[in-house]
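Source file: query_35.txt; contents: compact mmCIF, C-alpha atoms.
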```txt
# COMPACT_ATOMS: atom_id res chain seq x y z
CA MET C 24 34.83 1.21 -41.84
CA THR C 25 36.59 1.47 -45.18
CA CYS C 26 35.52 3.49 -48.19
CA GLN C 27 34.49 0.33 -50.00
CA GLU C 28 32.34 -0.86 -47.12
CA LEU C 29 30.72 2.55 -46.82
CA ARG C 30 29.93 2.72 -50.54
CA LEU C 31 28.45 -0.77 -50.42
CA TYR C 32 26.36 0.33 -47.47
CA PHE C 33 25.00 3.32 -49.37
CA GLU C 34 24.72 1.54 -52.69
CA ASP C 35 20.97 1.85 -52.58
CA PRO C 36 20.22 5.58 -52.65
CA LEU C 37 16.81 4.98 -51.12
CA LEU C 38 18.54 3.87 -47.92
CA ALA C 39 20.94 6.79 -47.84
CA ASP C 40 18.75 8.82 -45.51
CA THR C 41 18.87 6.24 -42.75
CA GLU C 42 20.52 7.19 -39.50
CA PHE C 43 24.08 6.14 -39.13
CA THR C 44 26.70 6.63 -36.44
CA ALA C 45 29.63 4.43 -37.31
CA GLU C 46 29.87 5.98 -40.76
CA ALA C 47 29.86 9.54 -39.44
CA GLU C 48 33.45 9.34 -38.27
CA HIS C 49 34.60 8.08 -41.63
CA LEU C 50 32.64 10.74 -43.46
CA ALA C 51 34.15 13.44 -41.30
CA GLN C 52 37.59 12.38 -42.49
CA CYS C 53 36.91 11.37 -46.09
CA ALA C 54 35.73 14.05 -48.47
CA ASP C 55 35.22 11.62 -51.36
CA CYS C 56 32.94 9.41 -49.34
CA ALA C 57 31.11 12.43 -47.95
CA ARG C 58 30.41 13.63 -51.49
CA PHE C 59 29.36 10.13 -52.50
CA VAL C 60 26.90 9.82 -49.63
CA GLU C 61 25.58 13.31 -50.23
CA GLY C 62 25.00 12.52 -53.89
CA ARG C 63 23.17 9.34 -53.00
CA ARG C 64 21.03 11.23 -50.48
CA VAL C 65 19.94 13.71 -53.09
CA LEU C 66 19.25 10.93 -55.55
CA GLY C 67 17.33 8.94 -52.96
CA ALA C 68 15.23 11.93 -52.03
CA GLY C 69 14.47 12.57 -55.68
CA LEU C 70 13.53 8.96 -56.37
CA LEU C 71 11.27 8.90 -53.32
CA GLY C 72 9.67 12.11 -54.49
CA ILE C 73 9.02 10.56 -57.90
CA ARG C 74 7.49 7.53 -56.26
CA GLU C 75 5.17 9.64 -54.18
CA SER C 76 4.23 11.89 -57.06
CA ALA C 77 2.96 9.01 -59.19
CA PRO C 78 -0.73 9.51 -59.95
CA GLN C 79 -3.32 6.88 -59.19
CA THR C 80 -4.95 5.06 -62.04
CA PRO C 81 -7.99 7.12 -63.02
CA ALA C 82 -11.44 5.61 -62.83
CA ALA C 83 -12.00 6.48 -66.46
CA LEU C 84 -9.24 4.08 -67.37
CA ASP C 85 -10.92 1.26 -65.46
CA ASP C 86 -14.17 1.94 -67.30
CA ALA C 87 -12.42 2.08 -70.66
CA VAL C 88 -10.62 -1.21 -70.09
CA LEU C 89 -13.77 -2.91 -68.83
CA SER C 90 -15.79 -1.74 -71.80
CA ALA C 91 -13.02 -2.91 -74.12
CA TYR C 92 -13.19 -6.32 -72.45
CA ARG C 93 -16.97 -6.50 -72.83
CA ARG C 94 -16.70 -5.55 -76.51
CA HIS C 95 -14.04 -8.17 -77.02
CA ILE C 96 -16.08 -10.90 -75.39
CA ALA C 97 -19.30 -9.90 -77.12
CA ILE C 98 -17.78 -9.96 -80.59
CA PRO C 99 -17.18 -13.53 -81.74
CA PRO C 100 -13.68 -14.30 -82.93
CA SER C 101 -13.11 -13.37 -86.52
CA PRO C 102 -13.29 -16.08 -89.19
CA ALA C 103 -9.62 -15.55 -89.87
CA LEU C 104 -8.83 -16.54 -86.29
CA LEU C 105 -11.20 -19.47 -86.42
CA SER C 106 -9.82 -20.75 -89.66
CA ARG C 107 -6.23 -20.42 -88.52
CA GLY C 108 -6.23 -23.94 -87.05
CA PRO C 109 -7.78 -25.77 -90.03
CA ARG C 110 -5.66 -23.72 -92.40
CA ARG C 111 -2.53 -24.75 -90.60
CA LEU C 112 -3.70 -28.37 -90.63
CA ALA C 113 -4.35 -28.16 -94.36
CA ALA C 114 -0.89 -26.76 -94.93
CA TRP C 115 0.60 -29.63 -92.98
CA CYS C 116 -1.42 -32.19 -94.93
CA LEU C 117 -0.43 -30.59 -98.22
CA SER C 118 3.25 -30.61 -97.40
CA ALA C 119 3.03 -34.20 -96.12
CA ALA C 120 1.31 -35.27 -99.35
CA ALA C 121 3.99 -33.54 -101.39
CA MET C 122 6.70 -35.32 -99.43
CA ALA C 123 4.96 -38.68 -99.85
CA THR C 124 4.64 -38.10 -103.60
CA LEU C 125 8.30 -37.24 -103.84
CA VAL C 126 9.36 -40.33 -101.90
CA ALA C 127 7.06 -42.56 -103.98
CA THR C 128 8.47 -41.14 -107.21
CA LEU C 129 12.02 -41.72 -106.06
CA LEU C 130 11.21 -45.28 -105.00
CA PHE C 131 9.49 -45.96 -108.32
CA LEU C 132 12.45 -44.67 -110.29
CA HIS C 133 14.85 -46.68 -108.18
CA GLN C 134 12.89 -49.91 -108.63
CA ARG C 135 12.55 -49.30 -112.34
CA ARG C 136 16.29 -48.85 -112.63
CA ASN C 137 16.90 -52.11 -110.77
CA ALA C 138 14.39 -53.95 -112.92
CA THR C 139 16.11 -52.65 -116.06
CA ALA C 140 19.43 -53.88 -114.76
CA ILE C 141 18.03 -57.36 -114.10
CA VAL C 142 16.42 -57.55 -117.54
CA GLU C 143 19.68 -56.50 -119.13
CA SER C 144 21.54 -59.21 -117.23
CA HIS C 145 19.29 -61.82 -118.93
CA ALA C 146 19.46 -60.22 -122.36
CA PRO C 147 21.26 -62.18 -125.15
CA GLU C 148 24.87 -61.25 -125.37
CA SER C 149 24.87 -61.06 -129.14
CA ALA C 150 22.52 -58.09 -129.24
CA GLU C 151 24.25 -55.09 -130.70
CA PRO C 152 24.34 -52.19 -128.28
CA SER C 153 22.83 -48.93 -129.39
CA PRO C 154 25.11 -45.87 -129.31
CA ALA C 155 23.12 -44.33 -126.45
CA ALA C 156 23.35 -47.49 -124.40
CA ILE C 157 27.02 -47.69 -125.07
CA ALA C 158 27.48 -44.12 -123.92
CA SER C 159 25.55 -44.65 -120.69
CA LYS C 160 27.32 -47.89 -119.97
CA ALA C 161 30.67 -46.33 -120.67
CA VAL C 162 29.94 -43.98 -117.84
CA ASN C 163 28.81 -46.86 -115.66
CA SER C 164 31.88 -48.89 -116.49
CA SER C 165 34.20 -46.52 -114.67
CA LEU C 166 31.99 -46.86 -111.58
CA ALA C 167 31.62 -50.59 -111.90
CA MET C 168 35.32 -51.17 -111.66
CA LYS C 169 35.58 -49.31 -108.36
CA PRO C 170 34.28 -50.59 -105.05
CA ARG C 171 31.03 -48.78 -104.51
CA ARG C 172 27.99 -48.96 -102.34
CA SER C 173 25.67 -51.33 -104.04
CA HIS C 174 21.99 -50.69 -104.55
CA PRO C 175 19.64 -53.29 -103.23
CA VAL C 176 19.03 -55.81 -105.98
CA ARG C 177 16.00 -58.00 -106.05
CA ARG C 178 17.12 -61.43 -105.05
CA GLN C 179 16.23 -64.15 -107.54
CA PRO C 180 14.53 -67.28 -106.24
CA SER C 181 17.03 -69.58 -107.85
CA ALA C 182 20.69 -69.22 -108.72
CA PRO C 183 20.81 -67.98 -112.30
CA TRP C 184 24.36 -68.99 -112.95
CA ALA C 185 25.13 -72.50 -113.98
CA GLY C 186 28.76 -72.43 -113.09
CA THR C 187 30.82 -75.01 -111.33
CA LEU C 188 31.01 -75.31 -107.60
CA GLN C 189 34.47 -73.85 -107.61
CA ASN C 190 33.76 -71.09 -110.09
CA PRO C 191 30.16 -69.90 -110.46
CA LEU C 192 31.01 -67.58 -113.37
CA PRO C 193 29.84 -68.61 -116.85
CA ALA C 194 32.48 -70.29 -118.85
CA ALA C 195 32.73 -67.48 -121.40
CA PHE C 196 33.79 -65.00 -118.75
CA ARG C 197 37.31 -64.44 -117.66
CA SER C 198 37.46 -64.26 -113.89
CA LEU C 199 38.69 -60.99 -112.50
CA MET C 200 38.90 -62.25 -108.92
CA TYR C 201 38.76 -65.47 -107.01
CA CYS C 202 35.21 -66.75 -107.15
CA ASP C 203 33.46 -69.55 -105.40
CA GLU C 204 29.90 -69.97 -104.17
CA LEU C 205 30.56 -68.06 -101.02
CA SER C 206 32.35 -65.06 -102.46
CA CYS C 207 30.42 -64.81 -105.73
CA GLY C 208 26.99 -65.95 -104.59
CA GLY C 209 23.86 -63.99 -105.32
CA PRO C 210 22.60 -62.18 -108.39
CA MET C 211 25.00 -60.29 -110.58
CA GLU C 212 24.53 -57.50 -113.05
CA LEU C 213 25.70 -57.75 -116.60
CA ILE C 214 27.01 -54.48 -117.93
CA ARG C 215 28.23 -53.91 -121.43
CA VAL C 216 30.99 -51.35 -121.53
CA GLN C 217 33.10 -49.73 -124.14
CA LEU C 218 36.63 -49.82 -122.94
CA PRO C 219 37.95 -46.32 -122.53
CA ALA C 220 41.29 -46.85 -124.30
CA PRO C 221 41.54 -49.54 -126.96
CA ASP C 222 44.08 -52.10 -126.03
CA SER C 223 45.80 -53.75 -128.96
CA THR C 224 45.68 -57.18 -127.39
CA LEU C 225 42.01 -56.88 -126.56
CA ALA C 226 41.22 -55.53 -130.00
CA THR C 227 42.99 -58.44 -131.54
CA ALA C 228 41.15 -60.86 -129.31
CA ALA C 229 37.84 -59.33 -130.24
CA GLY C 230 38.72 -59.38 -133.89
CA SER C 231 37.66 -55.79 -134.29
CA GLY C 232 39.53 -53.80 -136.85
CA SER C 233 38.02 -50.45 -135.94
CA GLY C 234 39.79 -50.23 -132.60
CA THR C 235 36.59 -50.08 -130.48
CA VAL C 236 36.22 -52.86 -128.02
CA PHE C 237 33.11 -53.80 -126.07
CA ALA C 238 33.09 -56.02 -123.06
CA ASP C 239 30.45 -57.57 -120.88
CA VAL C 240 31.30 -57.20 -117.24
CA LEU C 241 29.67 -59.20 -114.45
CA VAL C 242 29.26 -57.03 -111.39
CA GLY C 243 28.39 -58.53 -108.05
CA PRO C 244 25.91 -57.09 -105.56
CA ASP C 245 28.81 -55.43 -103.75
CA GLY C 246 29.68 -53.42 -106.89
CA ILE C 247 32.90 -55.28 -107.59
CA ALA C 248 33.45 -56.69 -111.05
CA ARG C 249 33.67 -60.48 -111.02
CA GLY C 250 34.32 -61.39 -114.61
CA ILE C 251 34.77 -59.93 -118.06
CA HIS C 252 33.94 -61.18 -121.51
CA ILE C 253 35.20 -59.44 -124.62
CA VAL C 254 32.36 -59.20 -127.11
CA GLU C 255 33.28 -60.58 -130.48
CA MET V 9 -19.53 -18.28 -62.86
CA ALA V 10 -17.01 -18.35 -60.00
CA SER V 11 -17.27 -15.91 -57.12
CA THR V 12 -14.61 -13.32 -56.36
CA HIS V 13 -13.58 -15.22 -53.23
CA GLN V 14 -13.01 -18.38 -55.24
CA LEU V 15 -11.12 -16.48 -57.88
CA SER V 16 -8.79 -14.75 -55.47
CA SER V 17 -6.93 -17.98 -54.86
CA ARG V 18 -6.37 -18.51 -58.58
CA SER V 19 -3.09 -17.70 -60.26
CA ASP V 20 -2.78 -14.95 -62.85
CA ALA V 21 -2.51 -17.55 -65.61
CA GLU V 22 -5.76 -19.20 -64.55
CA LEU V 23 -7.46 -15.84 -64.30
CA LEU V 24 -6.32 -15.01 -67.81
CA GLN V 25 -7.74 -18.27 -69.16
CA LEU V 26 -11.02 -17.65 -67.39
CA ALA V 27 -11.14 -14.06 -68.62
CA LEU V 28 -10.57 -15.20 -72.18
CA ALA V 29 -13.40 -17.66 -71.72
CA GLY V 30 -15.71 -14.79 -70.82
CA GLU V 31 -15.54 -14.67 -67.02
CA GLU V 32 -15.72 -10.96 -66.31
CA PRO V 33 -14.92 -11.24 -62.55
CA ALA V 34 -11.72 -13.08 -63.46
CA PHE V 35 -10.75 -10.31 -65.82
CA LEU V 36 -11.51 -7.65 -63.23
CA LEU V 37 -9.39 -9.42 -60.62
CA LEU V 38 -6.51 -9.82 -63.05
CA TYR V 39 -6.84 -6.16 -63.99
CA GLN V 40 -6.74 -5.13 -60.34
CA ARG V 41 -3.61 -7.19 -59.80
CA LEU V 42 -1.67 -5.91 -62.79
CA LYS V 43 -2.90 -2.41 -63.53
CA GLY V 44 -0.94 -0.58 -60.83
CA GLY V 45 2.44 -1.88 -61.89
CA ILE V 46 1.79 -1.36 -65.57
CA PHE V 47 0.39 2.13 -65.09
CA ARG V 48 3.30 3.20 -62.90
CA TYR V 49 5.80 1.69 -65.30
CA GLY V 50 4.19 3.54 -68.19
CA PHE V 51 4.10 6.77 -66.20
CA TYR V 52 7.71 6.61 -65.04
CA MET V 53 8.96 5.67 -68.47
CA THR V 54 7.06 8.36 -70.33
CA ASN V 55 6.62 11.03 -67.63
CA SER V 56 3.10 11.42 -68.92
CA LYS V 57 -0.15 10.39 -67.29
CA SER V 58 -2.06 10.20 -70.56
CA ALA V 59 0.66 8.03 -72.10
CA ALA V 60 0.56 5.77 -69.04
CA GLU V 61 -3.20 5.41 -69.46
CA GLU V 62 -2.76 4.61 -73.12
CA VAL V 63 -0.11 1.99 -72.30
CA THR V 64 -2.29 0.37 -69.63
CA GLN V 65 -5.33 0.19 -71.86
CA GLU V 66 -3.37 -1.17 -74.80
CA VAL V 67 -1.69 -3.79 -72.62
CA PHE V 68 -5.01 -5.22 -71.49
CA ILE V 69 -6.50 -5.12 -74.97
CA SER V 70 -3.42 -6.94 -76.25
CA LEU V 71 -3.75 -9.45 -73.40
CA LEU V 72 -7.25 -10.22 -74.61
CA LYS V 73 -6.16 -10.52 -78.22
CA GLU V 74 -2.88 -12.35 -77.71
CA GLY V 75 -3.63 -14.11 -74.43
CA ARG V 76 -4.20 -17.40 -76.22
CA HIS V 77 -0.54 -17.42 -77.18
CA TYR V 78 0.57 -17.09 -73.56
CA ARG V 79 2.59 -20.07 -72.29
CA THR V 80 3.03 -20.62 -68.56
CA GLU V 81 6.51 -22.09 -68.95
CA ARG V 82 7.80 -18.87 -70.47
CA GLY V 83 7.05 -16.74 -67.40
CA ASP V 84 4.19 -15.39 -65.36
CA VAL V 85 1.39 -13.26 -66.75
CA GLY V 86 2.90 -10.18 -65.12
CA ALA V 87 6.08 -10.63 -67.13
CA PHE V 88 4.01 -11.26 -70.28
CA ALA V 89 2.05 -8.07 -69.69
CA PHE V 90 5.22 -6.19 -68.87
CA GLY V 91 6.74 -7.26 -72.20
CA ILE V 92 3.69 -5.87 -73.99
CA ALA V 93 3.92 -2.66 -71.93
CA ARG V 94 7.58 -2.24 -72.77
CA ASN V 95 6.83 -2.53 -76.47
CA PHE V 96 4.08 0.07 -76.21
CA VAL V 97 6.32 2.44 -74.26
CA ARG V 98 8.95 2.13 -76.96
CA ARG V 99 6.35 2.82 -79.60
CA ILE V 100 5.19 5.93 -77.74
CA GLU V 101 8.77 7.09 -77.28
CA ARG V 102 9.42 6.74 -81.00
CA ARG V 103 6.24 8.62 -81.74
CA GLU V 104 6.96 11.44 -79.28
CA ARG V 105 10.66 11.76 -79.96
CA ALA V 106 10.10 14.11 -82.86
CA TYR V 107 7.98 16.48 -80.81
CA GLN V 108 9.49 16.39 -77.33
CA PRO V 109 13.26 15.95 -77.13
CA LEU V 110 14.72 14.71 -73.88
CA PRO V 111 16.37 17.35 -71.69
CA ARG V 112 19.95 17.93 -72.57
CA GLN V 113 22.85 18.23 -70.19
CA GLN V 114 22.95 22.03 -70.50
CA ALA V 115 19.32 22.26 -69.50
CA LEU V 116 19.97 20.07 -66.47
CA GLU V 117 22.93 22.19 -65.39
CA SER V 118 21.04 25.45 -65.74
CA LEU V 119 18.13 24.01 -63.81
CA SER V 120 20.38 22.77 -61.01
CA SER V 121 22.23 26.07 -60.73
CA SER V 122 18.95 27.94 -60.50
CA VAL V 123 17.88 25.59 -57.75
CA ILE V 124 21.10 26.21 -55.83
CA CYS V 125 21.04 29.99 -56.29
CA GLY V 126 17.43 30.50 -55.47
CA SER V 127 16.98 27.79 -52.89
CA GLU V 128 16.99 30.22 -49.99
CA ALA V 129 14.03 32.09 -51.39
CA LEU V 130 12.01 29.00 -52.17
CA THR V 131 9.97 27.00 -49.80
CA GLY V 132 10.93 23.43 -49.02
CA GLN V 133 8.04 22.17 -51.04
CA MET V 134 9.20 23.98 -54.15
CA ILE V 135 12.74 22.74 -53.72
CA ARG V 136 11.46 19.26 -53.38
CA LYS V 137 9.33 19.66 -56.47
CA GLN V 138 12.26 20.94 -58.45
CA LEU V 139 14.43 18.12 -57.17
CA VAL V 140 11.84 15.60 -58.28
CA GLU V 141 11.61 17.20 -61.70
CA ARG V 142 15.36 17.18 -62.01
CA VAL V 143 15.67 13.53 -61.01
CA GLN V 144 12.88 12.72 -63.45
CA ALA V 145 14.79 14.49 -66.19
CA ALA V 146 18.00 12.71 -65.21
CA VAL V 147 16.26 9.33 -65.25
CA ALA V 148 14.73 10.12 -68.64
CA SER V 149 18.16 10.96 -70.02
CA LEU V 150 19.63 7.60 -69.02
CA PRO V 151 20.30 4.96 -71.67
CA ASP V 152 17.34 2.64 -72.03
CA HIS V 153 18.84 -0.42 -70.32
CA TYR V 154 19.76 1.66 -67.26
CA ARG V 155 16.44 3.46 -67.25
CA GLN V 156 14.54 0.17 -67.31
CA VAL V 157 16.21 -1.09 -64.13
CA VAL V 158 15.87 2.23 -62.29
CA VAL V 159 12.18 2.42 -63.14
CA LEU V 160 11.54 -1.20 -62.25
CA CYS V 161 13.63 -1.54 -59.09
CA ASP V 162 13.69 1.97 -57.64
CA LEU V 163 10.36 3.37 -58.76
CA CYS V 164 8.06 0.39 -59.31
CA GLU V 165 9.62 -1.44 -56.33
CA VAL V 166 10.00 -4.67 -58.25
CA SER V 167 12.42 -7.16 -56.72
CA TYR V 168 15.71 -7.89 -58.45
CA ALA V 169 14.55 -11.40 -59.29
CA ASP V 170 11.33 -10.18 -60.88
CA ALA V 171 13.17 -7.44 -62.76
CA ALA V 172 15.62 -10.04 -64.04
CA SER V 173 12.75 -12.22 -65.23
CA ARG V 174 10.97 -9.33 -66.91
CA LEU V 175 14.06 -7.98 -68.60
CA GLN V 176 15.24 -11.54 -69.38
CA CYS V 177 18.68 -11.17 -67.91
CA ALA V 178 20.58 -12.36 -64.84
CA ILE V 179 20.12 -10.88 -61.38
CA GLY V 180 23.79 -9.92 -61.40
CA THR V 181 23.18 -7.91 -64.55
CA ILE V 182 20.33 -6.09 -62.83
CA ARG V 183 22.55 -5.27 -59.87
CA SER V 184 25.41 -4.03 -61.97
CA ARG V 185 23.13 -1.97 -64.23
CA LEU V 186 21.42 -0.47 -61.23
CA ASN V 187 24.74 0.40 -59.62
CA ARG V 188 25.98 2.00 -62.81
CA ALA V 189 22.68 3.83 -63.28
CA HIS V 190 22.89 5.23 -59.73
CA ALA V 191 26.41 6.44 -60.41
CA LEU V 192 25.28 8.13 -63.61
CA LEU V 193 22.31 9.73 -61.89
CA ALA V 194 24.47 10.96 -59.02
CA GLN V 195 26.85 12.43 -61.57
CA LYS V 196 24.02 14.20 -63.37
CA LEU V 197 22.73 15.57 -60.06
CA LYS V 198 26.14 16.63 -58.79
CA PRO V 199 25.53 20.42 -58.84
CA LEU V 200 22.56 19.86 -56.55
CA SER V 201 24.47 18.22 -53.73
CA SER V 202 25.94 21.17 -51.89
CA PRO V 203 29.18 20.61 -50.03
CA GLN V 204 28.02 22.84 -47.16
CA ARG V 205 25.56 20.15 -46.00
CA VAL V 206 28.31 17.66 -45.34
CA GLY V 207 29.68 19.59 -42.43
CA ALA V 208 33.26 19.27 -41.32
CA VAL V 209 34.98 17.50 -44.08
CA GLY V 210 38.42 16.15 -43.55
CA PRO V 211 41.33 16.24 -45.95
CA GLU V 212 40.95 14.98 -49.49
CA GLY V 213 41.46 11.27 -49.93
CA CYS V 214 40.24 8.44 -47.83
CA VAL V 215 41.85 6.79 -44.86
CA ILE V 216 41.23 3.18 -45.53
```
Translate this file's structure into structure tokens.
Amino acid sequence: MTCQELRLYFEDPLLADTEFTAEAEHLAQCADCARFVEGRRVLGAGLLGIRESAPQTPAALDDAVLSAYRRHIAIPPSPALLSRGPRRLAAWCLSAAAMATLVATLLFLHQRRNATAIVESHAPESAEPSPAAIASKAVNSSLAMKPRRSHPVRRQPSAPWAGTLQNPLPAAFRSLMYCDELSCGGPMELIRVQLPAPDSTLATAAGSGSGTVFADVLVGPDGIARGIHIVE
Amino acid sequence: MASTHQLSSRSDAELLQLALAGEEPAFLLLYQRLKGGIFRYGFYMTNSKSAAEEVTQEVFISLLKEGRHYRTERGDVGAFAFGIARNFVRRIERRERAYQPLPRQQALESLSSSVICGSEALTGQMIRKQLVERVQAAVASLPDHYRQVVVLCDLCEVSYADAASRLQCAIGTIRSRLNRAHALLAQKLKPLSSPQRVGAVGPEGCVI
């Protein structure tokens, strides 16, 4: 028997008092193991003594616990406990209503924005833009020129554009990309923009002496600009 | 109302549900099943009978109050009650710490030397009593995670698997903690183990 085997054997101090014969030879030769086993014997004896010295549960404790149980059963649950369920349900309902209100508001705002865009697309081109509208559209213009994720646009029952089969854009618009019925089908938004940097050629074409140039841009449902018309 | 014979086949969880519903025999049976372990755990952890009674009573009152929150899938009722007991023991320890400090190493050494010096004059019963007191003091001086496993496995005779479930750790952790705790206890009790009892001891070092 090796030291390791012997220490595994006496790992549990409560078993250290058991009779052994094979280990005796090893213990006679190994002082470390002898001290280890002796220490475990003392510990085991002490632990057993603690076990045996544990008192029994007193009868007074049984009576106290039983009376506490009877008191607990006799007293009805407090209103706070009873109302915990309905209160939690009310909290859930309240938060669900708040969420529904928030979603409805967002949807309403989104639809209103789309409706405004459609109305603007049918507005007469000659209307003079207000400074605020120009400012907001100037911001939009930078987005309109980039490919972007388009918002769902209410589809019109009939094609609003009376263009040719080859080019559905209105005649006044200069095409910014190849357009036919397939690539340029569907409703388009009309956005009036103030060009960020006045171009001399555009300014000349628009006949504006002040250097500010406005343009109507047709934007498809995919967010890509289809055509442009310099406002005179 | 179910009879005691019918109730004896019920699980602890069922008994708890019945007790909460007002079945006193179910509560009594559950109390009989759990009280011994909880009382002994409280006693070994606090070394005080009155504290053990307080822990036991509080555990069952808490079971009545919080029993509705018990979930079977999170462990048996014994483990649930043990968790409550452990919290109460900690509360008592915090409360008593200011008044009753744990024995220090010097106190243990002086006690052990007195036992060795005066052992011849003492009867076996007194030696045994002193040994028990010393082991109790040594157990009390262990770090909490070692003390928990010694109390559960060595003193309350809880299996390793149950101890692992109650302390929410792996069985291997219980084994290693217990081994380390035994080594620490043996080290604390070293002056008690007299070399004369070993008999003929060979040369130092082991022949492996």
Practice prompt. Would you kindly report the residues of chain C within 7 Å of chain V, using only C-alpha atoms, as a PyMOL selection string?
Written response: chain C and resi 25-26+51-55+57+61-63+65-66+69-70+72-74+77+80+84+88+91+96
Discussion item. I'd like the neighbourhood of Met211 in chain C as a list in words, where a residue qualifies if any of its atoms comes within 7 Å (using only C-alpha atoms), though same-chain residues fewer than 5 positions away should be ignored.
Written reply: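 With the cut-off at 7 Å, the set is Leu241, Val242, Gly243 and Pro244 of chain C.
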Practice prompt. Would you work out the distance separating CA of Arg41 in chain V from CA of Asp20 in chain V, expressed in Å to one decimal?
Written response: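 So the two atoms, CA of Arg41 in chain V and CA of Asp20 in chain V, lie 8.4 Å apart.
Distances from V:Arg185, V:Arg174, V:Arg82, V:Arg76 to Arg94 in chain V were compared using all atoms listed in the file, and the smallest one belongs to V:Arg174.
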Item to complete: Can you work out which one of C:Gln217, C:Thr235, C:Ser90, C:Ser198 has the shortest atom-to-atom distance to Ala248 in chain C, counting all atoms listed in the file?
Response: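 Residue with the minimum atom-to-atom distance to Ala248 in chain C: C:Ser198.
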Worksheet item: Do you have the CA of Asp239 in chain C-CA of Leu205 in chain C distance handy?
Response: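 One can read the CA of Asp239 in chain C to CA of Leu205 in chain C distance as 22.5 Å.
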Discussion item. Between V:Leu37, V:Thr54, V:Gln176, V:Val157, which residue has the minimum interatomic distance to Asp85 in chain C, considering all atoms listed in the file?
Written reply: V:Leu37
Worksheet entry | Atomic distance CA of Arg135 in chain C - CA of Ile253 in chain C, expressed in Å with one decimal |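 Answer for the CA of Arg135 in chain C to CA of Ile253 in chain C separation: 27.7 Å.
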Discussion item. Show me the residues around (30.2, -61.3, -116.4) - criterion: an atom at most 6 Å away, only C-alpha atoms counted - as a PyMOL selection string.
Written reply: chain C and resi 196+213+239-241+250-251
